[in-house]
Amino acid sequence: MVLACLQWRVGPLHPHVYGNTRGRSTADSILTLLNQVNHRLDIIVFLDLEKAFELASPRAILAALVSKGVMGRMLAWLRAYLQHRRARVKFQGLKSNFQRLENGTPQGVSSAPSSSTC
């Protein structure tokens, strides 16, 4: 739902975005790459952005969205979703104290703020 609202505001994703995209896979990205190379001598760089989601700056993400025209309730919802997050660890039945997370984006199961319309 959020992706549809964002795409309505900022436009579709770049055609070469394959990660976490419905109907697209690693095989699609490799086929696209092979079609682009087409027997030419090219240099290909593979980049693994380890910890990219864990280290992403919510402020930078929000600033980029504002620069693309995201505002109002959608921006407020995304701000609530990305900022002021806390986490704790449960190990062998014991729970740690909550720690504030300054960077990173929610992954996996999370509790999102209440939904709003685009």
# chains A, B, ... in the order shown; residues from 1 in each chain; ligands from 1
>>> residues_around(residues="region 94-103 of chain A", least_positions_apart="3", cutoff="8 Å", atoms="only C-alpha atoms", output="list in words")
Glu54, Leu55, Ala56, Ser57, Pro58, Gln83, His84, Arg85, Arg86, Ala87, Arg88, Val89, Lys90 and Phe91 of chain A
>>> select_by_dssp(residues="chain A", states="strand (DSSP E or B)", output="list in words")
Arg85, Arg86, Ala87, Lys90, Phe91, Leu94, Lys95, Gln99, Arg100 and Leu101 of chain A
>>> select_by_dssp(residues="region 25-117 of chain A", states="helix (DSSP H, G or I)", output="VMD selection string")
chain A and resid 26 to 37 52 to 55 58 to 67 72 to 82
>>> closest_residue(among="A:Gln92, A:Ile30, A:Val70, A:Leu82", to="Leu6 (chain A)", atoms="only C-alpha atoms")
A:Val70
>>> residues_around(residues="Tyr18 (chain A)", least_positions_apart="2", cutoff="12 Å", atoms="only C-alpha atoms", output="ChimeraX atom specification")
/A:13-16,20-33
>>> write_last_selection(atoms="N, CA, C and O atoms", output="short mmCIF file (atom, residue, chain, number, x, y, z; two decimals), in the first residue's frame")
data_model
loop_
_atom_site.label_atom_id
_atom_site.label_comp_id
_atom_site.auth_asym_id
_atom_site.auth_seq_id
_atom_site.Cartn_x
_atom_site.Cartn_y
_atom_site.Cartn_z
N LEU A 13 9.33 2.82 -10.01
CA LEU A 13 10.72 2.50 -9.74
C LEU A 13 11.50 2.42 -11.04
O LEU A 13 10.93 2.18 -12.11
N HIS A 14 12.80 2.61 -10.97
CA HIS A 14 13.65 2.47 -12.14
C HIS A 14 13.48 1.05 -12.70
O HIS A 14 13.34 0.10 -11.94
N PRO A 15 13.46 0.89 -14.02
CA PRO A 15 13.22 -0.44 -14.59
C PRO A 15 14.27 -1.47 -14.23
O PRO A 15 14.03 -2.67 -14.37
N HIS A 16 15.44 -1.05 -13.76
CA HIS A 16 16.47 -2.01 -13.40
C HIS A 16 16.53 -2.29 -11.90
O HIS A 16 17.52 -2.81 -11.41
N ASN A 20 13.41 -7.02 -4.04
CA ASN A 20 12.12 -6.82 -3.37
C ASN A 20 11.05 -6.26 -4.30
O ASN A 20 10.24 -5.44 -3.90
N THR A 21 11.10 -6.66 -5.57
CA THR A 21 10.13 -6.20 -6.55
C THR A 21 9.30 -7.38 -7.02
O THR A 21 9.85 -8.37 -7.50
N ARG A 22 7.99 -7.28 -6.85
CA ARG A 22 7.09 -8.37 -7.23
C ARG A 22 7.27 -8.72 -8.70
O ARG A 22 7.31 -7.86 -9.57
N GLY A 23 7.38 -10.02 -8.97
CA GLY A 23 7.48 -10.50 -10.34
C GLY A 23 8.88 -10.40 -10.93
O GLY A 23 9.07 -10.66 -12.11
N ARG A 24 9.87 -10.01 -10.13
CA ARG A 24 11.24 -9.89 -10.61
C ARG A 24 12.15 -10.72 -9.73
O ARG A 24 11.93 -10.83 -8.53
N SER A 25 13.20 -11.26 -10.34
CA SER A 25 14.09 -12.14 -9.59
C SER A 25 15.54 -11.87 -9.98
O SER A 25 15.83 -11.06 -10.86
N THR A 26 16.43 -12.60 -9.33
CA THR A 26 17.85 -12.51 -9.67
C THR A 26 18.07 -12.92 -11.12
O THR A 26 18.89 -12.32 -11.82
N ALA A 27 17.35 -13.92 -11.57
CA ALA A 27 17.48 -14.37 -12.96
C ALA A 27 17.14 -13.24 -13.92
O ALA A 27 17.80 -13.08 -14.96
N ASP A 28 16.12 -12.46 -13.62
CA ASP A 28 15.76 -11.31 -14.47
C ASP A 28 16.91 -10.31 -14.55
O ASP A 28 17.21 -9.78 -15.63
N SER A 29 17.56 -10.03 -13.43
CA SER A 29 18.66 -9.07 -13.44
C SER A 29 19.83 -9.60 -14.25
O SER A 29 20.48 -8.85 -14.99
N ILE A 30 20.12 -10.89 -14.16
CA ILE A 30 21.23 -11.48 -14.92
C ILE A 30 20.91 -11.45 -16.41
O ILE A 30 21.77 -11.11 -17.23
N LEU A 31 19.68 -11.78 -16.77
CA LEU A 31 19.30 -11.74 -18.19
C LEU A 31 19.39 -10.32 -18.75
O LEU A 31 19.85 -10.12 -19.88
N THR A 32 18.95 -9.34 -17.98
CA THR A 32 19.06 -7.95 -18.42
C THR A 32 20.52 -7.57 -18.62
O THR A 32 20.88 -6.95 -19.63
N LEU A 33 21.36 -7.96 -17.68
CA LEU A 33 22.79 -7.67 -17.78
C LEU A 33 23.39 -8.32 -19.03
O LEU A 33 24.11 -7.66 -19.79
#
>>> closest_residue(among="A:Lys51, A:Arg59, A:His39, A:Arg9", to="Arg79 (chain A)", atoms="only C-alpha atoms")
A:Arg59
>>> atom_distance(atom1="CA of Trp8 (chain A)", atom2="CA of Ala80 (chain A)")
20.3 Å
>>> closest_residue(among="A:Gln107, A:Ala4, A:Leu49, A:Leu78", to="Ala63 (chain A)", atoms="only C-alpha atoms")
A:Leu78
>>> atom_distance(atom1="CA of Leu47 (chain A)", atom2="CA of Val10 (chain A)")
25.8 Å
>>> decode(residues="region 43-85 of chain A", atoms="N, CA and C atoms", output="short mmCIF file (atom, residue, chain, number, x, y, z; two decimals), in the first residue's frame")
data_model
loop_
_atom_site.label_atom_id
_atom_site.label_comp_id
_atom_site.auth_asym_id
_atom_site.auth_seq_id
_atom_site.Cartn_x
_atom_site.Cartn_y
_atom_site.Cartn_z
N ILE A 43 33.18 -3.89 -18.51
CA ILE A 43 33.55 -4.12 -17.12
C ILE A 43 32.27 -4.11 -16.30
N ILE A 44 32.11 -5.12 -15.47
CA ILE A 44 30.92 -5.23 -14.65
C ILE A 44 31.36 -5.24 -13.19
N VAL A 45 30.71 -4.42 -12.39
CA VAL A 45 31.02 -4.34 -10.97
C VAL A 45 29.80 -4.81 -10.18
N PHE A 46 30.02 -5.76 -9.29
CA PHE A 46 28.96 -6.22 -8.39
C PHE A 46 29.24 -5.62 -7.03
N LEU A 47 28.27 -4.99 -6.47
CA LEU A 47 28.43 -4.30 -5.20
C LEU A 47 27.46 -4.88 -4.18
N ASP A 48 28.00 -5.37 -3.08
CA ASP A 48 27.18 -5.91 -2.00
C ASP A 48 27.16 -4.86 -0.90
N LEU A 49 26.04 -4.23 -0.71
CA LEU A 49 25.92 -3.18 0.30
C LEU A 49 25.56 -3.81 1.64
N GLU A 50 26.55 -4.42 2.25
CA GLU A 50 26.33 -5.07 3.53
C GLU A 50 25.89 -4.05 4.57
N LYS A 51 24.90 -4.42 5.31
CA LYS A 51 24.34 -3.58 6.37
C LYS A 51 23.69 -2.30 5.84
N ALA A 52 23.33 -2.27 4.57
CA ALA A 52 22.73 -1.07 3.99
C ALA A 52 21.45 -0.68 4.73
N PHE A 53 20.62 -1.66 5.06
CA PHE A 53 19.37 -1.34 5.75
C PHE A 53 19.60 -1.00 7.21
N GLU A 54 20.62 -1.63 7.81
CA GLU A 54 20.90 -1.37 9.22
C GLU A 54 21.52 0.00 9.45
N LEU A 55 22.21 0.52 8.43
CA LEU A 55 22.93 1.79 8.60
C LEU A 55 22.25 2.98 7.91
N ALA A 56 21.16 2.74 7.21
CA ALA A 56 20.49 3.83 6.49
C ALA A 56 20.02 4.91 7.47
N SER A 57 20.20 6.15 7.06
CA SER A 57 19.80 7.28 7.90
C SER A 57 18.34 7.64 7.63
N PRO A 58 17.48 7.52 8.64
CA PRO A 58 16.08 7.92 8.43
C PRO A 58 15.96 9.38 7.99
N ARG A 59 16.81 10.26 8.53
CA ARG A 59 16.76 11.68 8.13
C ARG A 59 17.07 11.84 6.64
N ALA A 60 18.08 11.11 6.16
CA ALA A 60 18.44 11.20 4.74
C ALA A 60 17.33 10.65 3.86
N ILE A 61 16.72 9.55 4.29
CA ILE A 61 15.61 8.97 3.52
C ILE A 61 14.45 9.96 3.45
N LEU A 62 14.11 10.55 4.57
CA LEU A 62 13.01 11.52 4.60
C LEU A 62 13.33 12.75 3.77
N ALA A 63 14.57 13.23 3.83
CA ALA A 63 14.97 14.40 3.02
C ALA A 63 14.85 14.08 1.54
N ALA A 64 15.26 12.87 1.14
CA ALA A 64 15.14 12.48 -0.27
C ALA A 64 13.68 12.42 -0.70
N LEU A 65 12.82 11.92 0.17
CA LEU A 65 11.40 11.85 -0.16
C LEU A 65 10.79 13.24 -0.28
N VAL A 66 11.19 14.15 0.61
CA VAL A 66 10.69 15.53 0.52
C VAL A 66 11.13 16.16 -0.79
N SER A 67 12.39 15.91 -1.19
CA SER A 67 12.90 16.49 -2.44
C SER A 67 12.16 15.95 -3.65
N LYS A 68 11.53 14.78 -3.50
CA LYS A 68 10.75 14.19 -4.60
C LYS A 68 9.27 14.54 -4.51
N GLY A 69 8.91 15.40 -3.53
CA GLY A 69 7.55 15.89 -3.47
C GLY A 69 6.63 15.16 -2.50
N VAL A 70 7.16 14.23 -1.71
CA VAL A 70 6.32 13.53 -0.73
C VAL A 70 6.08 14.50 0.43
N MET A 71 4.81 14.66 0.82
CA MET A 71 4.46 15.60 1.88
C MET A 71 3.18 15.16 2.58
N GLY A 72 2.74 15.95 3.50
CA GLY A 72 1.46 15.73 4.17
C GLY A 72 1.42 14.47 4.99
N ARG A 73 0.27 13.80 4.93
CA ARG A 73 0.05 12.60 5.75
C ARG A 73 1.01 11.47 5.41
N MET A 74 1.35 11.33 4.12
CA MET A 74 2.28 10.27 3.73
C MET A 74 3.65 10.50 4.36
N LEU A 75 4.14 11.72 4.31
CA LEU A 75 5.43 12.04 4.92
C LEU A 75 5.37 11.85 6.43
N ALA A 76 4.29 12.27 7.06
CA ALA A 76 4.14 12.10 8.50
C ALA A 76 4.12 10.62 8.88
N TRP A 77 3.44 9.80 8.09
CA TRP A 77 3.40 8.37 8.36
C TRP A 77 4.79 7.76 8.24
N LEU A 78 5.50 8.10 7.16
CA LEU A 78 6.85 7.57 6.97
C LEU A 78 7.79 8.03 8.07
N ARG A 79 7.66 9.28 8.50
CA ARG A 79 8.49 9.80 9.60
C ARG A 79 8.23 8.98 10.87
N ALA A 80 6.96 8.74 11.18
CA ALA A 80 6.61 7.96 12.36
C ALA A 80 7.13 6.52 12.25
N TYR A 81 7.15 5.99 11.04
CA TYR A 81 7.61 4.61 10.82
C TYR A 81 9.12 4.49 10.94
N LEU A 82 9.85 5.52 10.51
CA LEU A 82 11.31 5.44 10.45
C LEU A 82 12.02 5.98 11.69
N GLN A 83 11.44 6.95 12.36
CA GLN A 83 12.16 7.61 13.45
C GLN A 83 11.66 7.16 14.82
N HIS A 84 12.52 7.39 15.82
CA HIS A 84 12.19 7.13 17.23
C HIS A 84 11.83 5.66 17.46
N ARG A 85 12.58 4.77 16.83
CA ARG A 85 12.33 3.34 17.00
C ARG A 85 13.17 2.81 18.16
#
